[in-house]
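**Student:** My structure file run_32.cif, mmCIF, C-alpha atoms and all ligand atoms, is below:
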data_query
#
loop_
_atom_site.label_atom_id
_atom_site.label_comp_id
_atom_site.auth_asym_id
_atom_site.auth_seq_id
_atom_site.Cartn_x
_atom_site.Cartn_y
_atom_site.Cartn_z
CA MET A 238 140.72 94.75 88.44
CA SER A 239 141.40 92.90 91.70
CA LEU A 240 139.88 89.45 92.26
CA ALA A 241 136.08 89.49 92.78
CA PHE A 242 133.51 86.75 92.16
CA THR A 243 130.31 85.02 93.25
CA TYR A 244 130.62 81.30 93.86
CA ASN A 245 127.52 79.08 93.80
CA ALA A 246 128.06 75.75 95.53
CA TRP A 247 124.97 73.84 94.44
CA PRO A 248 123.36 71.67 97.06
CA GLY A 249 123.37 67.98 96.29
CA ARG A 250 124.67 64.60 97.30
CA VAL A 251 127.01 62.46 95.23
CA LEU A 252 127.74 58.76 95.60
CA PHE A 253 130.69 57.70 93.48
CA GLY A 254 132.04 54.21 92.85
CA ALA A 255 131.48 50.86 91.20
CA GLY A 256 128.38 49.21 92.67
CA THR A 257 126.88 52.41 94.14
CA LEU A 258 123.72 51.86 92.08
CA GLY A 259 122.90 49.23 94.72
CA GLN A 260 122.34 52.08 97.19
CA LEU A 261 119.61 53.72 95.11
CA GLY A 262 116.73 52.33 97.20
CA GLU A 263 118.30 53.68 100.38
CA GLU A 264 118.81 57.06 98.70
CA VAL A 265 115.17 57.17 97.55
CA ARG A 266 114.04 56.61 101.14
CA ARG A 267 116.62 59.06 102.46
CA LEU A 268 114.84 61.77 100.44
CA GLY A 269 111.54 60.71 101.99
CA LEU A 270 110.20 59.40 98.67
CA GLY A 271 108.06 56.31 98.33
CA HIS A 272 106.99 56.08 94.69
CA VAL A 273 109.54 57.05 92.04
CA LEU A 274 109.12 56.95 88.28
CA ILE A 275 112.17 55.61 86.44
CA LEU A 276 113.03 57.44 83.24
CA ALA A 277 115.29 56.16 80.45
CA THR A 278 115.73 56.22 76.67
CA PRO A 279 114.07 53.42 74.66
CA SER A 280 117.46 51.70 74.23
CA HIS A 281 117.87 51.56 78.03
CA GLU A 282 114.40 50.18 78.76
CA ALA A 283 115.64 46.72 79.86
CA GLU A 284 118.09 48.27 82.36
CA ALA A 285 115.34 50.57 83.67
CA VAL A 286 112.93 47.65 84.12
CA ALA A 287 115.63 45.68 85.98
CA LEU A 288 116.30 48.71 88.19
CA ALA A 289 112.58 49.02 88.96
CA ALA A 290 112.49 45.34 89.91
CA SER A 291 115.46 45.79 92.24
CA LEU A 292 113.77 48.78 93.92
CA GLY A 293 110.58 46.84 94.65
CA GLU A 294 107.63 48.81 95.97
CA VAL A 295 109.30 52.27 95.83
CA ALA A 296 109.32 52.02 92.02
CA ALA A 297 106.11 53.50 90.59
CA GLY A 298 106.91 52.43 87.02
CA VAL A 299 109.21 52.83 84.03
CA HIS A 300 108.87 55.43 81.30
CA ALA A 301 111.57 54.72 78.68
CA LYS A 302 110.70 57.45 76.19
CA ALA A 303 113.46 60.06 76.59
CA VAL A 304 114.81 61.53 73.35
CA MET A 305 117.50 64.10 72.55
CA HIS A 306 116.75 67.79 73.33
CA VAL A 307 113.49 67.09 75.23
CA PRO A 308 110.74 67.78 72.66
CA ALA A 309 107.78 69.46 74.43
CA SER A 310 105.47 66.56 73.48
CA THR A 311 107.88 64.08 75.11
CA ALA A 312 107.96 66.23 78.24
CA ARG A 313 104.14 66.41 78.35
CA ALA A 314 103.86 62.62 78.05
CA ALA A 315 106.32 62.09 80.93
CA VAL A 316 104.47 64.62 83.11
CA GLU A 317 101.19 62.81 82.35
CA GLU A 318 102.72 59.45 83.26
CA ALA A 319 104.16 60.82 86.52
CA ARG A 320 100.70 62.21 87.38
CA ARG A 321 98.90 59.00 86.42
CA LEU A 322 101.21 56.89 88.59
CA GLU A 323 101.15 59.46 91.40
CA ALA A 324 104.95 59.48 91.46
CA ASP A 325 106.62 61.60 94.14
CA GLY A 326 110.05 61.67 92.49
CA THR A 327 111.96 60.52 89.42
CA VAL A 328 115.07 58.46 88.80
CA ALA A 329 116.90 59.41 85.60
CA LEU A 330 118.93 56.43 84.38
CA GLY A 331 120.85 57.60 81.31
CA GLY A 332 122.66 60.48 79.64
CA GLY A 333 121.76 64.13 79.15
CA SER A 334 118.54 63.29 77.28
CA THR A 335 117.12 61.29 80.19
CA VAL A 336 118.25 63.76 82.85
CA GLY A 337 116.72 66.47 80.64
CA LEU A 338 113.36 64.67 80.67
CA ALA A 339 113.47 64.34 84.48
CA LYS A 340 114.18 68.09 84.63
CA ALA A 341 111.13 68.82 82.48
CA VAL A 342 108.99 66.82 84.92
CA ALA A 343 110.59 68.63 87.88
CA LEU A 344 109.88 71.98 86.27
CA GLU A 345 106.19 71.15 85.85
CA LEU A 346 105.45 69.08 88.96
CA GLY A 347 108.35 69.90 91.31
CA LEU A 348 109.30 66.20 91.65
CA PRO A 349 112.81 65.70 93.08
CA ILE A 350 115.32 63.92 90.83
CA LEU A 351 117.80 61.17 91.62
CA ALA A 352 120.20 60.98 88.67
CA VAL A 353 122.22 57.97 87.57
CA PRO A 354 124.32 59.30 84.66
CA THR A 355 125.52 56.89 81.99
CA THR A 356 127.38 59.37 79.75
CA TYR A 357 129.79 62.25 80.43
CA ALA A 358 127.32 65.04 79.49
CA GLY A 359 127.17 66.54 83.00
CA SER A 360 123.53 67.67 83.06
CA GLU A 361 123.07 66.00 86.46
CA MET A 362 125.26 68.71 88.02
CA THR A 363 123.40 71.71 86.65
CA PRO A 364 120.20 73.63 87.37
CA ILE A 365 119.83 74.15 83.60
CA TRP A 366 116.76 72.79 81.80
CA GLY A 367 116.02 72.69 78.07
CA LEU A 368 112.83 72.11 76.06
CA THR A 369 112.39 72.02 72.28
CA GLU A 370 109.22 73.17 70.53
CA GLY A 371 108.70 74.10 66.88
CA GLY A 372 112.40 73.54 66.13
CA LEU A 373 113.50 76.02 68.81
CA LYS A 374 115.27 74.96 72.00
CA LYS A 375 114.49 77.07 75.05
CA THR A 376 116.78 76.81 78.07
CA GLY A 377 116.61 78.26 81.54
CA ARG A 378 117.86 77.86 85.09
CA ASP A 379 115.75 76.73 88.00
CA PRO A 380 117.03 75.26 91.27
CA ARG A 381 114.09 72.77 91.28
CA VAL A 382 115.61 70.86 88.36
CA LEU A 383 118.97 70.26 90.03
CA PRO A 384 119.09 66.57 91.00
CA ARG A 385 119.05 65.98 94.78
CA THR A 386 121.20 62.89 94.61
CA VAL A 387 123.59 61.73 91.91
CA ILE A 388 124.92 58.20 91.74
CA TYR A 389 128.04 57.89 89.59
CA ASP A 390 128.56 54.17 89.12
CA PRO A 391 131.35 53.63 86.56
CA SER A 392 130.33 50.01 86.03
CA LEU A 393 127.25 51.36 84.19
CA ILE A 394 129.36 52.99 81.46
CA LEU A 395 131.52 49.99 80.55
CA GLY A 396 129.21 49.42 77.58
CA LEU A 397 129.14 53.02 76.35
CA PRO A 398 130.06 52.59 72.65
CA PRO A 399 133.50 53.98 71.65
CA ALA A 400 132.08 56.66 69.33
CA THR A 401 129.80 57.96 72.11
CA THR A 402 132.60 57.67 74.68
CA VAL A 403 134.97 59.99 72.83
CA ALA A 404 132.27 62.45 71.73
CA SER A 405 130.75 62.63 75.20
CA GLY A 406 134.21 62.91 76.80
CA MET A 407 135.08 65.86 74.54
CA ASN A 408 131.67 67.38 75.40
CA ALA A 409 132.72 67.28 79.06
CA MET A 410 136.13 68.77 78.24
CA ALA A 411 134.34 71.66 76.53
CA HIS A 412 132.65 72.57 79.85
CA CYS A 413 136.11 72.74 81.48
CA VAL A 414 137.69 74.74 78.65
CA GLU A 415 134.99 77.41 78.70
CA ALA A 416 134.96 77.53 82.52
CA LEU A 417 138.63 78.51 82.43
CA TYR A 418 137.86 81.73 80.56
CA ALA A 419 134.30 82.33 81.83
CA VAL A 420 133.35 85.95 82.40
CA ASP A 421 132.16 84.96 85.90
CA GLY A 422 134.87 82.35 86.57
CA ASN A 423 136.49 81.90 89.96
CA PRO A 424 139.50 80.06 91.41
CA ILE A 425 137.52 77.08 92.76
CA ILE A 426 135.86 76.37 89.44
CA SER A 427 139.17 76.83 87.60
CA LEU A 428 140.72 74.16 89.83
CA MET A 429 137.83 71.83 89.05
CA ALA A 430 138.11 72.59 85.34
CA GLU A 431 141.82 71.87 85.23
CA GLU A 432 141.42 68.63 87.17
CA GLY A 433 138.47 67.59 84.97
CA LEU A 434 140.58 68.14 81.84
CA ARG A 435 143.51 66.22 83.34
CA ARG A 436 141.40 63.18 84.23
CA LEU A 437 139.54 63.09 80.92
CA ALA A 438 142.67 63.57 78.82
CA ARG A 439 144.66 60.90 80.63
CA SER A 440 141.91 58.28 80.75
CA LEU A 441 139.84 58.72 77.59
CA PRO A 442 142.48 56.98 75.44
CA SER A 443 142.49 53.96 77.83
CA ALA A 444 138.69 53.90 77.93
CA MET A 445 138.73 53.85 74.11
CA ARG A 446 141.32 51.05 73.91
CA GLU A 447 139.70 48.99 76.66
CA PRO A 448 136.05 50.02 77.10
CA ALA A 449 135.65 47.64 80.08
CA ASN A 450 138.63 49.08 81.99
CA LEU A 451 136.88 50.10 85.21
CA ASP A 452 139.73 52.33 86.45
CA ALA A 453 139.78 54.31 83.21
CA ARG A 454 135.97 54.58 83.22
CA ALA A 455 135.97 55.77 86.85
CA ASP A 456 138.63 58.38 86.10
CA THR A 457 136.73 59.71 83.06
CA LEU A 458 133.45 59.75 84.99
CA CYS A 459 135.10 61.68 87.81
CA GLY A 460 136.36 64.15 85.17
CA ALA A 461 132.82 64.43 83.81
CA TRP A 462 131.50 65.18 87.30
CA LEU A 463 134.02 68.01 87.68
CA ALA A 464 133.15 69.25 84.18
CA GLY A 465 129.40 69.20 84.90
CA THR A 466 129.98 71.19 88.07
CA CYS A 467 131.82 73.82 86.01
CA LEU A 468 128.96 73.94 83.50
CA GLY A 469 126.42 74.51 86.26
CA ALA A 470 128.44 77.14 88.10
CA VAL A 471 129.77 79.61 85.50
CA SER A 472 128.73 81.03 82.14
CA MET A 473 129.67 79.25 78.97
CA ALA A 474 130.72 81.23 75.88
CA LEU A 475 131.20 80.92 72.10
CA HIS A 476 131.71 77.16 72.05
CA HIS A 477 128.45 76.28 73.79
CA LYS A 478 126.47 78.91 71.87
CA LEU A 479 127.82 77.65 68.54
CA CYS A 480 127.08 74.01 69.37
CA HIS A 481 123.63 74.97 70.63
CA SER A 482 122.76 76.74 67.38
CA LEU A 483 124.29 74.06 65.15
CA GLY A 484 122.30 71.41 67.03
CA GLY A 485 119.07 73.39 67.06
CA SER A 486 119.12 74.83 63.53
CA PHE A 487 120.84 72.06 61.59
CA ASN A 488 119.92 69.08 63.74
CA LEU A 489 123.53 68.05 64.37
CA PRO A 490 124.17 65.47 67.13
CA HIS A 491 124.97 67.09 70.51
CA ALA A 492 128.16 65.46 71.83
CA GLU A 493 129.73 64.88 68.37
CA THR A 494 129.29 68.56 67.48
CA HIS A 495 131.05 69.56 70.70
CA ALA A 496 133.94 67.23 69.86
CA VAL A 497 134.41 68.74 66.39
CA ILE A 498 134.03 72.40 67.38
CA LEU A 499 136.10 72.50 70.60
CA PRO A 500 139.66 72.78 69.16
CA HIS A 501 138.50 75.46 66.72
CA VAL A 502 136.83 77.63 69.36
CA ALA A 503 139.93 77.21 71.54
CA ALA A 504 142.00 78.46 68.58
CA TYR A 505 139.61 81.39 68.08
CA ASN A 506 139.82 82.40 71.75
CA ALA A 507 143.52 81.61 72.28
CA PRO A 508 144.85 85.15 71.68
CA ALA A 509 142.38 86.58 74.21
CA ALA A 510 142.74 83.87 76.89
CA PRO A 511 146.44 82.99 77.21
CA GLU A 512 146.22 81.84 80.86
CA ALA A 513 143.37 79.47 80.10
CA MET A 514 145.29 78.07 77.11
CA ALA A 515 148.41 77.48 79.24
CA CYS A 516 146.29 75.67 81.81
CA ILE A 517 144.60 73.50 79.14
CA ALA A 518 147.93 72.58 77.51
CA TYR A 519 149.38 71.70 80.94
CA ALA A 520 146.35 69.62 81.94
CA LEU A 521 146.51 67.74 78.63
CA GLY A 522 150.23 67.06 79.11
CA ALA A 523 150.96 68.73 75.76
CA ASP A 524 154.56 68.59 74.56
CA GLU A 525 156.63 71.78 74.78
CA GLY A 526 155.57 74.10 71.98
CA LYS A 527 152.24 72.37 71.22
CA SER A 528 149.31 74.75 71.61
CA ALA A 529 146.17 73.95 73.63
CA PRO A 530 143.93 73.91 70.50
CA ALA A 531 146.31 71.51 68.72
CA ALA A 532 146.47 69.31 71.83
CA LEU A 533 142.64 69.16 71.98
CA PHE A 534 142.46 68.32 68.27
CA ASP A 535 145.14 65.61 68.54
CA LEU A 536 143.45 64.04 71.55
CA ALA A 537 140.09 63.86 69.76
CA ALA A 538 141.63 62.56 66.53
CA SER A 539 143.81 59.97 68.29
CA CYS A 540 140.72 58.65 70.10
CA GLY A 541 138.92 58.27 66.76
CA ALA A 542 136.43 61.13 67.20
CA MET A 543 134.72 62.55 64.13
CA ILE A 544 136.61 65.73 63.33
CA ARG A 545 134.63 67.23 60.42
CA LEU A 546 131.25 68.98 60.55
CA ALA A 547 130.85 67.67 57.00
CA ASP A 548 130.62 64.15 58.47
CA LEU A 549 127.90 65.18 60.95
CA GLY A 550 125.41 66.23 58.31
CA LEU A 551 126.20 69.94 57.85
CA ARG A 552 126.32 71.08 54.22
CA GLU A 553 128.75 73.67 52.86
CA PRO A 554 125.94 76.18 52.02
CA ASP A 555 124.95 76.03 55.73
CA LEU A 556 128.20 77.75 56.77
CA ASP A 557 126.92 81.28 56.03
CA PRO A 558 123.59 80.97 57.86
CA ALA A 559 125.38 79.19 60.74
CA THR A 560 127.73 82.19 61.01
CA GLU A 561 124.78 84.60 61.12
CA ILE A 562 123.02 82.55 63.80
CA ALA A 563 126.20 82.51 65.90
CA LEU A 564 126.37 86.31 65.68
CA ALA A 565 122.66 86.97 66.21
CA ALA A 566 122.42 86.85 70.00
CA PRO A 567 125.43 88.55 71.59
CA TYR A 568 127.01 86.90 74.64
CA PRO A 569 130.22 87.31 76.63
CA ASN A 570 133.30 85.72 75.05
CA PRO A 571 136.98 86.42 75.70
CA ARG A 572 137.54 87.47 72.08
CA PRO A 573 134.93 89.74 70.50
CA LEU A 574 132.81 88.05 67.84
CA ASP A 575 134.06 88.77 64.36
CA ARG A 576 132.02 87.69 61.33
CA SER A 577 134.83 86.65 59.03
CA ALA A 578 136.80 84.92 61.81
CA ILE A 579 133.72 82.95 62.92
CA ARG A 580 133.05 81.99 59.30
CA GLN A 581 136.66 80.79 59.07
CA LEU A 582 136.29 78.86 62.35
CA LEU A 583 133.23 77.05 60.99
CA GLU A 584 134.94 76.34 57.68
CA ASP A 585 137.98 74.88 59.48
CA ALA A 586 135.65 72.71 61.56
CA TYR A 587 133.71 71.74 58.42
CA TRP A 588 136.86 70.35 56.80
CA GLY A 589 138.45 69.11 60.05
CA ARG A 590 141.63 71.20 59.69
CA ARG A 591 144.10 70.86 62.57
CA PRO A 592 144.53 74.23 64.38
CA ALA A 593 148.04 75.64 63.96
P1 LIG B 601 121.99 60.97 75.25
O1 LIG B 601 121.51 61.03 76.64
O2 LIG B 601 121.00 61.23 74.16
O3 LIG B 601 122.69 59.56 75.01
C1 LIG B 601 123.22 59.26 73.71
C2 LIG B 601 122.88 57.81 73.33
O4 LIG B 601 123.67 56.94 74.10
C3 LIG B 601 121.41 57.45 73.60
O5 LIG B 601 120.96 56.64 72.56
C4 LIG B 601 121.50 56.64 74.88
O6 LIG B 601 120.45 55.70 75.01
C5 LIG B 601 122.85 55.97 74.75
N1 LIG B 601 123.51 55.66 76.02
C6 LIG B 601 123.55 56.45 77.10
N2 LIG B 601 124.28 55.87 78.06
C7 LIG B 601 124.70 54.68 77.56
C8 LIG B 601 125.51 53.60 78.08
N3 LIG B 601 126.09 53.69 79.28
N4 LIG B 601 125.73 52.54 77.30
C9 LIG B 601 125.22 52.47 76.04
N5 LIG B 601 124.45 53.46 75.50
C10 LIG B 601 124.21 54.55 76.25
O7 LIG B 601 123.21 61.97 74.97
P2 LIG B 601 124.09 62.92 75.92
O8 LIG B 601 125.18 63.40 75.07
O9 LIG B 601 124.38 62.27 77.21
O10 LIG B 601 123.09 64.12 76.26
C11 LIG B 601 122.74 65.05 75.26
C12 LIG B 601 121.55 65.88 75.67
O11 LIG B 601 121.75 66.41 76.99
C13 LIG B 601 121.35 67.10 74.78
O12 LIG B 601 119.97 67.30 74.59
C14 LIG B 601 121.96 68.24 75.57
O13 LIG B 601 121.43 69.49 75.22
C15 LIG B 601 121.62 67.83 76.98
N6 LIG B 601 122.53 68.38 78.00
C16 LIG B 601 121.99 69.22 78.93
C17 LIG B 601 122.80 69.73 79.92
C18 LIG B 601 122.20 70.62 80.96
O14 LIG B 601 122.90 71.06 81.87
N7 LIG B 601 120.91 70.89 80.90
C19 LIG B 601 124.16 69.39 79.98
C20 LIG B 601 124.67 68.53 79.01
C21 LIG B 601 123.83 68.01 78.02
#
Translate the structure of the given file into structure tokens.
Ligand code: NAD
**Tutor:**
Amino acid sequence: MSLAFTYNAWPGRVLFGAGTLGQLGEEVRRLGLGHVLILATPSHEAEAVALAASLGEVAAGVHAKAVMHVPASTARAAVEEARRLEADGTVALGGGSTVGLAKAVALELGLPILAVPTTYAGSEMTPIWGLTEGGLKKTGRDPRVLPRTVIYDPSLILGLPPATTVASGMNAMAHCVEALYAVDGNPIISLMAEEGLRRLARSLPSAMREPANLDARADTLCGAWLAGTCLGAVSMALHHKLCHSLGGSFNLPHAETHAVILPHVAAYNAPAAPEAMACIAYALGADEGKSAPAALFDLAASCGAMIRLADLGLREPDLDPATEIALAAPYPNPRPLDRSAIRQLLEDAYWGRRPA
């Protein structure tokens, strides 16, 4: 079939660079807002309070109660607080969990979001929201939840712990990998995906060795921006569905699960997506003859990522139900879903076997 695609360029404004957080007040006013609620996780409360103090009267208050996967009760409490304080917008200072909470508020009250990401998760670049109730995570797309302004200030991630750095970095790389073989992919997004992979692969090792290396942090954060744009623009496949179900059904940690699963899904899809694999291997600077899945595995392992599902809390008897869950809701993937091959994929990931 000849080339045909739909390209969504999401509206939005990005400020990138060390010290750009200092422009937040100006950005709040630029959006015509006068009373923003600052959201954060409990461990980021001090930073959120300091940010509120620096904003002065445009800060309505701080709500540092974000938790992973946006439980519905957490979302309701944040909506209540935004109502009580008569906030007209939110500032999400944190990773995917905090941006996710701001999205839940936007979904309910329509409040515009200014996002200040402090991990590589990429949620700030997507119109995708998620809410968890009764152990089930619902997701959807809504343009109202796409942040209006994103401030990428690499000085804010100098303290991201090494284990989170590598897991979150691999999470971002997963967005790029799946964008390269997306059913609705397009040349612009493929360029972004390749560049995102290149920046993350070349700078994650330096960010691990020297967490306070601002150049390495800026390069990885730029890669995460590109990766988040890919996630928001095209459909993800087997990797994201598997991680979603492992997280939701077995309570595995989000970014770490992505880091473990990615090389194995790449190996599963490799025969059906040779162009994407060539692009991944090239972007990772893989030696002649080394496959893309092996290069992804080696990068994660050399950066000290966890490489076994067994170490993330999955139990061996969970492998069969996890396979069934992965097969339950069909979705586009370059290689058709095959029960025994998916079971093998999960077993390889369980034991942390290096893809051939
Ligand atoms: P997270 O936001 O839960 O952060 C992980 C931990 O790191 C938290 O304890 C947090 O307080 C801490 N942390 C964050 N930044 C830090 C920093 N700079 N220094 C020190 N500690 C820091 O985790 P995450 O991986 O960023 O996000 C995961 C969540 O985001 C999941 O619920 C996932 O489903 C969601 N997500 C959604 C989208 C989307 O488009 N909707 C995209 C990606 C992820």
**Student:** Between CA of Met410 in chain A and CA of Gly372 in chain A, what is the distance in Å, rounded to a tenth?
**Tutor:**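 CA of Gly372 in chain A lies at a distance of 27.1 Å from CA of Met410 in chain A.
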**Student:** Please list, as a PyMOL selection string, the residues that have an atom at most 9 Å away from (109.0, 63.9, 78.9) in the coordinates of this file, counting all atoms listed in the file.
**Tutor:** chain A and resi 276+300+302-304+307-318+335+337-342
**Student:** Set the cut-off to 6 Å, count only C-alpha atoms and all ligand atoms, and list whatever residues fall near ligand LIG 601 (chain B) as a PyMOL selection string.
**Tutor:** chain A and resi 278+280-281+305-306+331-335+355-356+358-360+363+365-367+393-394+396-398+405+491-492
**Student:** Between A:Leu292, A:Val420, A:Leu582, A:Leu395, which one has atoms that come closest to Ala241 in chain A, using all atoms listed in the file?
**Tutor:**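 Using all atoms listed in the file, Ala241 in chain A sits closest to A:Val420.
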**Student:** Do you know which residues lie at most 9 Å from (124.0, 55.9, 99.0), with coordinates as in the file and all atoms listed in the file counted, and could you write them as a list in words?
**Tutor:**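 I get Arg250, Val251, Leu252, Phe253, Thr257, Leu258, Gly259, Gln260, Leu261, Gly262, Glu263, Glu264, Arg267, Thr386 and Ile388 of chain A for the residues within 9 Å of that point.
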**Student:** Work out how far CA of Gly469 in chain A is from CA of Arg381 in chain A, in Å to one decimal.
**Tutor:**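 A separation of 13.4 Å between them.
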**Student:** Please determine, counting only C-alpha atoms, which residue among A:Thr494, A:Thr457, A:Thr369, A:Ser239 has the shortest atom-to-atom distance to Pro391 in chain A.
**Tutor:**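 Among A:Thr494, A:Thr457, A:Thr369, A:Ser239, it is A:Thr457 that comes nearest to Pro391 in chain A.
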**Student:** Choose the residue, out of A:Thr243, A:Ser440, A:Thr560, A:Ser291, that has the smallest atom-to-atom separation from Leu479 in chain A; count all atoms listed in the file.
**Tutor:** A:Thr560
**Student:** So, with only C-alpha atoms as the atoms that count, which of A:Ala563, A:Glu493, A:Ala518, A:Leu574 lies closest to Arg545 in chain A?
**Tutor:** A:Glu493
**Student:** Looking at A:Glu294, A:Asp390, A:Ser472, A:Ala537, which one is nearest to Leu437 in chain A, with distances taken over only C-alpha atoms?
**Tutor:**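 Smallest distance to Leu437 in chain A is found for A:Ala537.
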**Student:** Report as an mmCIF file with C-alpha atoms, in the coordinates of the input all protein, DNA and RNA residues lying within 9 Å of range 526-529 of chain A, evaluated on only C-alpha atoms, omitting residues in the same chain fewer than 5 positions from it.
**Tutor:**
data_model
loop_
_atom_site.group_PDB
_atom_site.id
_atom_site.type_symbol
_atom_site.label_atom_id
_atom_site.label_comp_id
_atom_site.auth_asym_id
_atom_site.auth_seq_id
_atom_site.Cartn_x
_atom_site.Cartn_y
_atom_site.Cartn_z
ATOM 1 C CA PRO A 500 139.660 72.780 69.160
ATOM 2 C CA ALA A 503 139.930 77.210 71.540
ATOM 3 C CA ALA A 504 142.000 78.460 68.580
ATOM 4 C CA ALA A 507 143.520 81.610 72.280
ATOM 5 C CA ALA A 513 143.370 79.470 80.100
ATOM 6 C CA MET A 514 145.290 78.070 77.110
ATOM 7 C CA ALA A 515 148.410 77.480 79.240
ATOM 8 C CA CYS A 516 146.290 75.670 81.810
ATOM 9 C CA ILE A 517 144.600 73.500 79.140
ATOM 10 C CA ALA A 518 147.930 72.580 77.510
ATOM 11 C CA TYR A 519 149.380 71.700 80.940
ATOM 12 C CA LEU A 521 146.510 67.740 78.630
ATOM 13 C CA PHE A 534 142.460 68.320 68.270
ATOM 14 C CA PRO A 592 144.530 74.230 64.380
ATOM 15 C CA ALA A 593 148.040 75.640 63.960
#
**Student:** Between A:Arg454, A:Arg320, A:Arg591, A:Lys375, single out the one closest to Pro399 in chain A, counting all atoms listed in the file.
**Tutor:**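 The closest residue to Pro399 in chain A is A:Arg454.
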**Student:** To one decimal place in Å, what is the distance between CA of Glu553 in chain A and CA of Ser577 in chain A?
**Tutor:** 15.6 Å
**Student:** Need the shell around Asp456 in chain A: protein/DNA/RNA residues with any atom at most 12 Å away, counting all atoms listed in the file. Skip same-chain ones fewer than 5 positions apart. Format as number ranges by chain?
**Tutor:** A: 253-255, 357, 389-392, 394, 406, 432-444, 450-451, 461-463
**Student:** Identify, on the basis of all atoms listed in the file, every residue whose closest approach to Leu383 in chain A does not exceed 7 Å; exclude the query and any residue fewer than 6 positions from it along the same chain; express the result as a list of chain:residue names.
**Tutor:**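 After dropping sequence-adjacent residues, the list is A:Glu361, A:Met362, A:Thr363, A:Pro364.
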**Student:** Tell me which protein, DNA and RNA residues are within 12 Å of Ile498 in chain A, counting all atoms listed in the file, leaving out same-chain ones fewer than 6 positions away, and put them as a PyMOL selection string.
**Tutor:** chain A and resi 404+407-408+410-411+475-481+483-484+489+491-492+504-505+530+533-534+537+542-547+549+579+582-592
